[in-house]
>>> print(open('query-v6.txt').read())   # compact mmCIF, C-alpha atoms
# COMPACT_ATOMS: atom_id res chain seq x y z
CA MET A 1 -33.95 42.90 -3.68
CA LEU A 2 -34.24 46.59 -2.96
CA SER A 3 -37.16 47.52 -0.80
CA SER A 4 -39.37 50.08 -2.45
CA SER A 5 -39.16 53.64 -1.14
CA GLU A 6 -42.84 54.25 -1.71
CA GLY A 7 -45.90 52.13 -2.28
CA ARG A 8 -45.87 48.36 -2.11
CA VAL A 9 -45.26 45.45 -4.43
CA THR A 10 -47.85 42.72 -4.32
CA TRP A 11 -47.99 39.24 -5.82
CA GLN A 12 -51.48 37.76 -6.20
CA GLY A 13 -52.80 40.25 -3.69
CA ALA A 14 -50.19 39.71 -0.98
CA ASN A 15 -47.22 41.93 -0.20
CA ILE A 16 -44.03 40.26 -1.44
CA HIS A 17 -42.24 40.97 1.84
CA SER A 18 -44.72 38.90 3.79
CA LEU A 19 -44.63 36.16 1.14
CA GLY A 20 -40.85 35.74 1.38
CA GLU A 21 -39.60 32.50 -0.16
CA GLU A 22 -43.06 31.61 -1.39
CA TYR A 23 -42.77 34.53 -3.80
CA PHE A 24 -39.38 33.34 -5.01
CA THR A 25 -40.87 29.98 -6.03
CA GLN A 26 -42.79 31.89 -8.70
CA LEU A 27 -39.91 34.09 -9.83
CA THR A 28 -37.04 33.82 -12.26
CA TYR A 29 -34.67 36.75 -12.29
CA PHE A 30 -32.24 37.61 -15.05
CA GLY A 31 -29.88 40.40 -14.05
CA HIS A 32 -27.03 42.52 -15.40
CA ARG A 33 -24.50 39.89 -14.48
CA PRO A 34 -25.17 36.50 -16.05
CA GLY A 35 -24.74 34.53 -12.81
CA VAL A 36 -22.61 31.89 -14.48
CA LYS A 37 -19.70 30.25 -12.66
CA ASP A 38 -16.45 30.35 -14.67
CA GLU A 39 -15.14 27.09 -13.28
CA LEU A 40 -18.24 25.05 -14.01
CA THR A 41 -19.12 23.69 -17.43
CA THR A 42 -22.26 24.97 -19.13
CA VAL A 43 -24.24 21.84 -18.23
CA GLU A 44 -23.07 21.98 -14.60
CA ASN A 45 -24.01 25.65 -14.40
CA LEU A 46 -27.50 24.91 -15.62
CA ARG A 47 -27.98 21.86 -13.41
CA VAL A 48 -26.86 23.76 -10.31
CA ALA A 49 -29.16 26.67 -11.15
CA ALA A 50 -32.06 24.26 -11.65
CA GLY A 51 -31.24 22.29 -8.51
CA LEU A 52 -31.18 25.44 -6.43
CA SER A 53 -34.63 26.42 -7.63
CA GLY A 54 -35.89 22.95 -6.81
CA ILE A 55 -35.89 21.33 -10.25
CA ALA A 56 -34.02 18.06 -10.68
CA LEU A 57 -32.48 18.33 -14.12
CA SER A 58 -30.79 15.42 -15.83
CA THR A 59 -27.64 16.03 -17.82
CA GLN A 60 -29.52 15.14 -20.99
CA LYS A 61 -32.27 17.68 -20.35
CA ALA A 62 -29.69 20.33 -19.51
CA ALA A 63 -27.93 19.61 -22.79
CA ASP A 64 -31.23 19.91 -24.67
CA ALA A 65 -31.92 23.30 -23.10
CA LEU A 66 -28.42 24.46 -24.04
CA GLN A 67 -29.00 23.29 -27.58
CA LYS A 68 -32.15 25.40 -27.71
CA VAL A 69 -30.23 28.56 -26.82
CA GLY A 70 -27.63 27.81 -29.46
CA LEU A 71 -24.87 26.26 -27.39
CA ALA A 72 -24.96 22.79 -28.93
CA GLY A 73 -21.58 21.07 -28.71
CA ARG A 74 -20.42 23.24 -25.82
CA GLU A 75 -21.94 21.15 -23.05
CA SER A 76 -18.68 20.33 -21.34
CA VAL A 77 -16.86 23.59 -21.95
CA PRO A 78 -15.97 25.53 -18.79
CA ALA A 79 -17.85 28.83 -18.80
CA ARG A 80 -14.64 30.85 -18.55
CA LEU A 81 -13.84 29.89 -22.15
CA LEU A 82 -17.13 31.32 -23.41
CA SER A 83 -17.68 34.78 -24.81
CA GLU A 84 -19.89 37.27 -23.00
CA GLY A 85 -22.79 36.55 -25.32
CA GLN A 86 -22.44 32.80 -24.86
CA ARG A 87 -22.35 33.21 -21.10
CA ARG A 88 -25.60 35.10 -21.23
CA ARG A 89 -27.05 32.30 -23.35
CA VAL A 90 -26.20 29.83 -20.57
CA SER A 91 -28.15 32.08 -18.26
CA LEU A 92 -30.99 32.26 -20.82
CA ALA A 93 -31.21 28.49 -20.77
CA ARG A 94 -32.52 28.89 -17.21
CA LEU A 95 -35.61 30.47 -18.74
CA VAL A 96 -36.07 27.44 -21.00
CA ILE A 97 -36.14 24.97 -18.12
CA CYS A 98 -37.83 27.01 -15.40
CA THR A 99 -41.45 26.50 -14.43
CA THR A 100 -42.00 29.86 -12.73
CA LYS A 101 -44.85 32.23 -13.52
CA LEU A 102 -43.07 35.56 -13.27
CA TRP A 103 -39.93 36.49 -15.18
CA LEU A 104 -37.99 39.61 -14.25
CA LEU A 105 -35.63 40.31 -17.11
CA ASP A 106 -33.23 43.21 -16.71
CA GLU A 107 -31.37 44.14 -19.91
CA VAL A 108 -31.77 40.61 -21.17
CA LEU A 109 -30.61 41.49 -24.69
CA THR A 110 -27.17 42.84 -23.82
CA ALA A 111 -24.33 41.18 -25.77
CA LEU A 112 -26.74 39.00 -27.77
CA ASP A 113 -26.73 38.76 -31.57
CA LYS A 114 -29.78 39.17 -33.81
CA THR A 115 -30.83 35.53 -33.92
CA ALA A 116 -30.57 35.29 -30.15
CA ILE A 117 -32.70 38.41 -29.75
CA VAL A 118 -35.39 36.85 -31.94
CA PHE A 119 -35.11 33.69 -29.85
CA VAL A 120 -35.59 35.64 -26.60
CA GLY A 121 -38.65 37.26 -28.15
CA SER A 122 -40.16 33.91 -29.05
CA LEU A 123 -39.27 32.51 -25.62
CA ILE A 124 -41.11 35.36 -23.90
CA GLU A 125 -44.11 35.03 -26.20
CA GLU A 126 -44.31 31.31 -25.56
CA HIS A 127 -44.17 32.01 -21.81
CA LEU A 128 -46.94 34.62 -22.11
CA ALA A 129 -49.08 32.31 -24.24
CA GLN A 130 -48.89 29.72 -21.46
CA GLY A 131 -50.28 32.24 -19.00
CA GLY A 132 -46.96 33.48 -17.63
CA MET A 133 -45.90 37.01 -16.83
CA ALA A 134 -42.71 38.79 -17.80
CA ILE A 135 -41.39 42.20 -16.85
CA VAL A 136 -38.68 43.15 -19.32
CA ALA A 137 -36.45 46.21 -19.04
CA THR A 138 -34.46 46.86 -22.18
CA HIS A 139 -32.76 49.56 -24.22
CA GLN A 140 -32.97 47.58 -27.43
CA ASP A 141 -35.98 46.79 -29.54
CA LEU A 142 -37.68 43.56 -28.73
CA ALA A 143 -40.36 42.58 -31.24
CA LEU A 144 -43.27 41.16 -29.27
CA SER A 145 -46.81 40.75 -30.51
CA ARG A 146 -48.88 43.67 -29.30
CA GLY A 147 -51.84 41.69 -28.04
CA LEU A 148 -50.20 40.29 -24.98
CA THR A 149 -47.83 43.07 -23.99
CA GLN A 150 -47.85 46.53 -22.50
CA ARG A 151 -45.03 48.92 -23.25
CA LEU A 152 -43.85 51.63 -20.86
CA GLU A 153 -41.37 54.14 -22.27
CA LEU A 154 -39.28 55.61 -19.49
CA THR A 155 -37.41 58.87 -20.04
CA THR A 156 -35.31 60.69 -17.52
CA MET B 1 -31.07 22.14 -2.00
CA LEU B 2 -28.39 22.11 0.71
CA ARG B 3 -26.83 19.26 -1.25
CA TRP B 4 -26.65 21.39 -4.39
CA ILE B 5 -24.92 24.29 -2.63
CA VAL B 6 -22.35 22.05 -0.96
CA TRP B 7 -21.78 20.08 -4.16
CA ARG B 8 -21.34 23.27 -6.17
CA ASP B 9 -18.90 24.82 -3.71
CA LEU B 10 -16.89 21.63 -3.38
CA ILE B 11 -16.51 21.37 -7.16
CA LEU B 12 -15.56 25.03 -7.37
CA ALA B 13 -13.00 24.55 -4.61
CA TRP B 14 -11.58 21.50 -6.38
CA ARG B 15 -11.21 23.39 -9.66
CA ARG B 16 -9.52 26.21 -7.75
CA ARG B 17 -7.57 24.02 -5.39
CA ALA B 18 -4.60 26.38 -5.33
CA ASP B 19 -6.69 28.63 -3.06
CA ALA B 20 -7.36 25.93 -0.49
CA LEU B 21 -3.78 24.70 -0.68
CA SER B 22 -2.39 28.18 -0.05
CA THR B 23 -4.40 28.36 3.19
CA LEU B 24 -2.99 25.02 4.25
CA PHE B 25 0.58 26.00 3.43
CA PHE B 26 0.20 29.30 5.23
CA PHE B 27 -0.85 27.38 8.34
CA VAL B 28 2.04 24.91 8.03
CA ILE B 29 4.63 27.62 7.49
CA VAL B 30 3.46 29.90 10.30
CA VAL B 31 3.41 27.05 12.82
CA SER B 32 6.79 25.74 11.65
CA LEU B 33 8.50 29.12 11.97
CA PHE B 34 8.18 29.12 15.76
CA PRO B 35 10.34 26.07 16.52
CA LEU B 36 12.88 27.36 14.00
CA GLY B 37 12.96 30.80 15.56
CA ILE B 38 13.01 29.71 19.20
CA GLY B 39 15.44 26.84 18.91
CA PRO B 40 15.49 23.46 20.65
CA GLU B 41 14.14 24.50 24.03
CA THR B 42 11.66 21.71 24.57
CA GLU B 43 10.02 23.12 27.69
CA LEU B 44 9.32 26.50 26.15
CA LEU B 45 8.11 25.02 22.86
CA ARG B 46 5.78 22.68 24.67
CA SER B 47 4.23 25.49 26.65
CA ILE B 48 3.64 27.76 23.64
CA ALA B 49 2.38 24.98 21.31
CA PRO B 50 -1.36 25.35 21.99
CA GLY B 51 -1.34 29.10 21.49
CA VAL B 52 0.80 28.98 18.36
CA VAL B 53 -1.27 26.32 16.60
CA TRP B 54 -4.54 28.00 17.49
CA VAL B 55 -3.45 31.52 16.51
CA ALA B 56 -2.11 30.16 13.21
CA ALA B 57 -5.47 28.43 12.61
CA LEU B 58 -7.29 31.73 13.21
CA LEU B 59 -5.04 33.61 10.80
CA ALA B 60 -5.24 30.88 8.16
CA SER B 61 -9.02 30.91 8.30
CA MET B 62 -8.95 34.66 7.61
CA LEU B 63 -7.36 33.91 4.24
CA SER B 64 -10.26 31.86 2.98
CA LEU B 65 -13.05 34.00 4.42
CA GLY B 66 -12.61 36.78 1.90
CA ARG B 67 -13.53 34.36 -0.87
CA LEU B 68 -16.61 32.96 0.84
CA PHE B 69 -19.11 35.29 -0.83
CA ALA B 70 -16.91 37.67 -2.88
CA ASN B 71 -16.62 35.44 -5.96
CA ASP B 72 -20.34 34.73 -6.06
CA TYR B 73 -21.02 38.41 -5.59
CA GLN B 74 -18.84 39.40 -8.54
CA ASP B 75 -20.30 37.04 -11.13
CA GLY B 76 -23.91 37.55 -10.08
CA THR B 77 -24.54 34.05 -8.73
CA LEU B 78 -25.09 35.45 -5.25
CA GLU B 79 -28.12 37.37 -6.51
CA GLN B 80 -29.48 34.11 -7.87
CA LEU B 81 -28.78 32.34 -4.58
CA LEU B 82 -30.67 35.03 -2.70
CA LEU B 83 -33.66 34.57 -4.99
CA THR B 84 -33.90 30.80 -4.64
CA PRO B 85 -37.14 29.55 -3.08
CA GLN B 86 -35.30 28.11 -0.06
CA PRO B 87 -34.56 29.93 3.21
CA LEU B 88 -31.36 31.93 3.01
CA TYR B 89 -30.36 30.27 6.29
CA LEU B 90 -29.86 27.01 4.37
CA VAL B 91 -27.90 28.69 1.60
CA VAL B 92 -25.50 30.15 4.17
CA LEU B 93 -25.31 26.85 6.04
CA GLY B 94 -24.37 25.05 2.83
CA LYS B 95 -21.73 27.57 1.84
CA VAL B 96 -20.16 27.61 5.31
CA ALA B 97 -20.16 23.81 5.42
CA ALA B 98 -18.34 23.67 2.09
CA GLN B 99 -15.88 26.32 3.27
CA TRP B 100 -15.16 24.31 6.42
CA LEU B 101 -14.63 21.11 4.44
CA THR B 102 -12.26 22.71 1.96
CA SER B 103 -10.34 25.21 4.09
CA GLU B 104 -10.56 24.18 7.74
CA LEU B 105 -10.67 20.39 7.65
CA PRO B 106 -7.21 20.16 6.02
CA LEU B 107 -5.82 22.28 8.87
CA VAL B 108 -7.35 19.94 11.44
CA CYS B 109 -5.87 16.94 9.64
CA ILE B 110 -2.34 18.30 9.48
CA ALA B 111 -2.29 19.82 12.97
CA PRO B 112 -1.09 16.64 14.78
CA LEU B 113 1.88 16.46 12.44
CA LEU B 114 2.79 20.04 13.28
CA GLY B 115 2.27 19.38 16.98
CA VAL B 116 5.09 16.84 16.87
CA GLN B 117 7.51 19.68 16.16
CA PHE B 118 6.70 21.09 19.57
CA GLY B 119 7.41 17.85 21.37
CA VAL B 120 3.96 17.36 22.87
CA SER B 121 2.65 13.93 23.89
CA ASN B 122 0.24 11.80 21.89
CA GLU B 123 -2.52 12.37 24.41
CA THR B 124 -2.16 16.13 23.93
CA LEU B 125 -2.19 15.77 20.15
CA LYS B 126 -5.51 14.00 20.46
CA ILE B 127 -6.93 16.87 22.53
CA LEU B 128 -5.52 19.33 19.99
CA VAL B 129 -7.41 17.63 17.17
CA ILE B 130 -10.62 17.43 19.21
CA SER B 131 -10.41 21.11 20.12
CA LEU B 132 -9.80 22.03 16.46
CA VAL B 133 -12.68 19.89 15.22
CA LEU B 134 -15.02 21.65 17.64
CA GLY B 135 -13.53 25.12 17.27
CA THR B 136 -12.90 25.58 13.56
CA PRO B 137 -16.61 25.46 12.59
CA VAL B 138 -17.07 28.45 14.90
CA LEU B 139 -14.33 30.24 12.96
CA SER B 140 -16.20 29.56 9.71
CA PHE B 141 -19.58 30.59 11.11
CA ILE B 142 -18.46 33.80 12.79
CA GLY B 143 -16.23 34.58 9.82
CA SER B 144 -19.17 34.24 7.45
CA ILE B 145 -20.88 37.14 9.25
CA GLY B 146 -17.83 39.31 8.67
CA ALA B 147 -17.53 38.19 5.06
CA ALA B 148 -21.17 39.04 4.40
CA LEU B 149 -20.94 42.44 6.08
CA THR B 150 -17.85 43.52 4.14
CA LEU B 151 -19.12 42.25 0.80
CA GLY B 152 -18.42 44.60 -2.08
CA LEU B 153 -16.21 46.94 -0.07
CA LYS B 154 -12.68 47.84 -1.06
CA SER B 155 -9.98 46.62 1.34
CA SER B 156 -12.55 44.18 2.66
CA SER B 157 -9.93 41.61 3.70
CA VAL B 158 -8.40 43.97 6.27
CA LEU B 159 -11.84 44.94 7.48
CA ILE B 160 -12.86 41.29 7.93
CA SER B 161 -9.82 40.69 10.14
CA ILE B 162 -10.61 43.70 12.31
CA LEU B 163 -14.25 42.72 12.60
CA VAL B 164 -13.88 39.02 13.11
CA LEU B 165 -10.62 38.36 14.98
CA PRO B 166 -11.88 39.90 18.26
CA LEU B 167 -14.94 37.66 18.04
CA TYR B 168 -12.64 34.63 17.79
CA VAL B 169 -11.25 35.29 21.29
CA PRO B 170 -13.55 32.86 23.17
CA VAL B 171 -12.71 30.06 20.74
CA LEU B 172 -9.00 30.79 21.11
CA ILE B 173 -9.20 30.80 24.91
CA PHE B 174 -11.18 27.56 25.20
CA GLY B 175 -9.38 25.81 22.34
CA ALA B 176 -5.86 26.63 23.45
CA GLY B 177 -6.97 26.18 27.08
CA ALA B 178 -8.02 22.60 26.46
CA VAL B 179 -4.65 21.73 24.94
CA GLU B 180 -2.78 23.55 27.70
CA ALA B 181 -4.71 21.71 30.39
CA SER B 182 -3.79 18.45 28.74
CA ILE B 183 -0.11 19.42 28.65
CA MET B 184 -0.18 20.22 32.38
CA GLY B 185 -1.79 16.90 33.12
CA LEU B 186 -5.22 18.32 33.98
CA SER B 187 -8.54 17.28 32.52
CA PRO B 188 -9.43 19.32 29.42
CA SER B 189 -13.10 18.38 29.55
CA SER B 190 -14.40 21.69 30.92
CA HIS B 191 -12.76 23.57 28.05
CA ILE B 192 -14.06 21.03 25.55
CA TYR B 193 -17.61 21.37 26.88
CA LEU B 194 -17.46 25.15 26.66
CA LEU B 195 -16.03 24.92 23.15
CA SER B 196 -18.88 22.60 22.13
CA SER B 197 -21.46 25.01 23.46
CA VAL B 198 -19.90 27.92 21.56
CA SER B 199 -19.90 25.70 18.49
CA ILE B 200 -23.60 24.89 18.81
CA LEU B 201 -24.53 28.50 19.51
CA SER B 202 -22.71 29.68 16.41
CA LEU B 203 -24.37 26.96 14.31
CA ILE B 204 -27.77 28.22 15.39
CA PHE B 205 -27.29 31.97 15.31
CA ALA B 206 -24.47 32.78 12.87
CA PRO B 207 -26.17 31.66 9.60
CA TRP B 208 -29.14 33.75 10.54
CA ALA B 209 -26.97 36.84 11.13
CA THR B 210 -25.05 36.14 7.92
CA ALA B 211 -28.30 35.91 5.95
CA ALA B 212 -29.38 39.30 7.29
CA ALA B 213 -25.97 40.79 6.49
CA LEU B 214 -26.10 39.40 2.94
CA ARG B 215 -29.47 41.03 2.35
CA ILE B 216 -28.05 44.36 3.49
CA SER B 217 -24.92 44.03 1.36
CA ILE B 218 -26.73 43.11 -1.82
CA GLU B 219 -29.14 46.06 -1.72
>>> encode(input="query-v6.txt", output="structure tokens")
Amino acid sequence: MLSSSEGRVTWQGANIHSLGEEYFTQLTYFGHRPGVKDELTTVENLRVAAGLSGIALSTQKAADALQKVGLAGRESVPARLLSEGQRRRVSLARLVICTTKLWLLDEVLTALDKTAIVFVGSLIEEHLAQGGMAIVATHQDLALSRGLTQRLELTT
Amino acid sequence: MLRWIVWRDLILAWRRRADALSTLFFFVIVVSLFPLGIGPETELLRSIAPGVVWVAALLASMLSLGRLFANDYQDGTLEQLLLTPQPLYLVVLGKVAAQWLTSELPLVCIAPLLGVQFGVSNETLKILVISLVLGTPVLSFIGSIGAALTLGLKSSSVLISILVLPLYVPVLIFGAGAVEASIMGLSPSSHIYLLSSVSILSLIFAPWATAAALRISIE
């Protein structure tokens, strides 16, 4: 969302500013704030998120995705009753259903427990194995197989 | 896509209906205070009716504008909306449409009832409703620009009023003018035509300006 102060960001050889919405069709972003509406139930949140990125998601499929991220039985719970970690899991479920190539994950592990962290790791690996790309910024350790990943350590 | 945005915002508004109701009650109370304060002087009430109803509608719409993007901004859903593969123009159009349906349409519906307090004729009430139907979308559209520009600022609600209320002046003049013409027995059509053209112009240009303002605010 910020424009770069130097250099340029390209996607498949074209500058992302000239690509515009075309670039967004390939992108799933996971930010600091989970992007989950308090008043909507978990299933509604997921269906709206999918609908906005152009995927028609049935209630059943949304429930399946929520089950995968460990929210089984909470399909009709309003998101305001969830804990911070559970809210982020609702947001993670977007990664399960999305069909985009590029994932931008910013501090994706915040407020997640150990099993969820392992799950995120496997989700990313599965995505990479299918030919996807993921850029992950994190302060915590994320165990990913070395073959497919590059690690940049940033220090101030 | 547009359907999803409108559907989402309508559900959100329904689950938070106290917000929409407070706008409506604000409108009702402000308009009702004038006959109470001025007393039973029919002539005077009749002549101030158009202005009072229209000014109250402007002020009431200010109440809901602050919420238009602020809630989405706080919980991070606005970021997601900005990154959807559809033009931002459509996102804004959907959100403004939902805002109009939940916050402005109730005002339009109750306005004839309030007009009765001012002793205006049925014909005039009809013109009042027509002018509101044409004018209130402009309030939503222009207001959305202000809401997007002041996103994330402290004291943004005051700032929105200062930014947006002056821009409402043409709508106020044509809207109240149409009703006034009808009260004086003249044809309100010229005012109505002008109001329609303002309405169409804002439909075309305002979402575009709001989209640009949102991009600036989110950076």
>>> residues_around(input="query-v6.txt", residues="B:Pro106", least_positions_apart="5", cutoff="10 Å", atoms="all atoms listed in the file", output="PyMOL selection string")
chain B and resi 20-21+23-24+27+100-101+111
>>> atom_distance(input="query-v6.txt", atom1="atom CA of B:Thr84", atom2="atom CA of B:Ala98")
18.4 Å
>>> interface_residues(input="query-v6.txt", of="chain A", to="chain B", cutoff="6 Å", atoms="only C-alpha atoms", output="list in words")
Leu2, Glu21, Phe24, Thr25, Arg33, Gly35, Leu52 and Ser53 of chain A
>>> residues_around(input="query-v6.txt", residues="A:Leu112", least_positions_apart="3", cutoff="12 Å", atoms="all atoms listed in the file", output="ChimeraX atom specification")
/A:69-70,83-92,107-109,115-120,140,142
>>> write_last_selection(input="query-v6.txt", atoms="C-alpha atoms", output="PDB file, in the coordinates of the input")
ATOM      1  CA  VAL A  69     -30.230  28.560 -26.820  1.00  0.00           C
ATOM      2  CA  GLY A  70     -27.630  27.810 -29.460  1.00  0.00           C
ATOM      3  CA  SER A  83     -17.680  34.780 -24.810  1.00  0.00           C
ATOM      4  CA  GLU A  84     -19.890  37.270 -23.000  1.00  0.00           C
ATOM      5  CA  GLY A  85     -22.790  36.550 -25.320  1.00  0.00           C
ATOM      6  CA  GLN A  86     -22.440  32.800 -24.860  1.00  0.00           C
ATOM      7  CA  ARG A  87     -22.350  33.210 -21.100  1.00  0.00           C
ATOM      8  CA  ARG A  88     -25.600  35.100 -21.230  1.00  0.00           C
ATOM      9  CA  ARG A  89     -27.050  32.300 -23.350  1.00  0.00           C
ATOM     10  CA  VAL A  90     -26.200  29.830 -20.570  1.00  0.00           C
ATOM     11  CA  SER A  91     -28.150  32.080 -18.260  1.00  0.00           C
ATOM     12  CA  LEU A  92     -30.990  32.260 -20.820  1.00  0.00           C
ATOM     13  CA  GLU A 107     -31.370  44.140 -19.910  1.00  0.00           C
ATOM     14  CA  VAL A 108     -31.770  40.610 -21.170  1.00  0.00           C
ATOM     15  CA  LEU A 109     -30.610  41.490 -24.690  1.00  0.00           C
ATOM     16  CA  THR A 115     -30.830  35.530 -33.920  1.00  0.00           C
ATOM     17  CA  ALA A 116     -30.570  35.290 -30.150  1.00  0.00           C
ATOM     18  CA  ILE A 117     -32.700  38.410 -29.750  1.00  0.00           C
ATOM     19  CA  VAL A 118     -35.390  36.850 -31.940  1.00  0.00           C
ATOM     20  CA  PHE A 119     -35.110  33.690 -29.850  1.00  0.00           C
ATOM     21  CA  VAL A 120     -35.590  35.640 -26.600  1.00  0.00           C
ATOM     22  CA  GLN A 140     -32.970  47.580 -27.430  1.00  0.00           C
ATOM     23  CA  LEU A 142     -37.680  43.560 -28.730  1.00  0.00           C
TER      24      LEU A 142
END
>>> atom_distance(input="query-v6.txt", atom1="atom CA of A:Glu125", atom2="atom CA of A:Gln26")
17.8 Å
>>> residues_around(input="query-v6.txt", residues="A:Gln12", least_positions_apart="3", cutoff="10 Å", atoms="only C-alpha atoms", output="list in words")
Asn15, Ile16 and Tyr23 of chain A
>>> residues_around(input="query-v6.txt", residues="stretch 43-50 of chain A", least_positions_apart="2", cutoff="7 Å", atoms="only C-alpha atoms", output="ChimeraX atom specification")
/A:36-37,40-41,52-57,59,62-63,75-76,94 /B:4,8
>>> decode(input="query-v6.txt", residues="stretch 129-152 of chain B", atoms="C-alpha atoms", output="PDB file, in the first residue's frame")
ATOM      1  CA  VAL B 129     -39.842  13.797  -0.247  1.00  0.00           C
ATOM      2  CA  ILE B 130     -38.772  14.087  -3.891  1.00  0.00           C
ATOM      3  CA  SER B 131     -36.148  16.698  -3.040  1.00  0.00           C
ATOM      4  CA  LEU B 132     -34.837  14.522  -0.194  1.00  0.00           C
ATOM      5  CA  VAL B 133     -34.686  11.403  -2.361  1.00  0.00           C
ATOM      6  CA  LEU B 134     -32.615  13.293  -4.917  1.00  0.00           C
ATOM      7  CA  GLY B 135     -30.540  15.283  -2.444  1.00  0.00           C
ATOM      8  CA  THR B 136     -29.586  12.843   0.305  1.00  0.00           C
ATOM      9  CA  PRO B 137     -27.436  10.628  -1.985  1.00  0.00           C
ATOM     10  CA  VAL B 138     -25.359  13.748  -2.651  1.00  0.00           C
ATOM     11  CA  LEU B 139     -24.912  14.139   1.105  1.00  0.00           C
ATOM     12  CA  SER B 140     -23.648  10.550   1.320  1.00  0.00           C
ATOM     13  CA  PHE B 141     -21.343  10.888  -1.673  1.00  0.00           C
ATOM     14  CA  ILE B 142     -19.780  14.217  -0.723  1.00  0.00           C
ATOM     15  CA  GLY B 143     -19.620  13.117   2.897  1.00  0.00           C
ATOM     16  CA  SER B 144     -17.719   9.992   1.927  1.00  0.00           C
ATOM     17  CA  ILE B 145     -14.907  12.188   0.569  1.00  0.00           C
ATOM     18  CA  GLY B 146     -14.672  13.961   3.914  1.00  0.00           C
ATOM     19  CA  ALA B 147     -14.838  10.687   5.824  1.00  0.00           C
ATOM     20  CA  ALA B 148     -12.020   9.220   3.737  1.00  0.00           C
ATOM     21  CA  LEU B 149      -9.832  12.305   4.078  1.00  0.00           C
ATOM     22  CA  THR B 150     -10.154  12.477   7.866  1.00  0.00           C
ATOM     23  CA  LEU B 151      -9.657   8.753   8.395  1.00  0.00           C
ATOM     24  CA  GLY B 152      -7.434   7.933  11.340  1.00  0.00           C
TER      25      GLY B 152
END
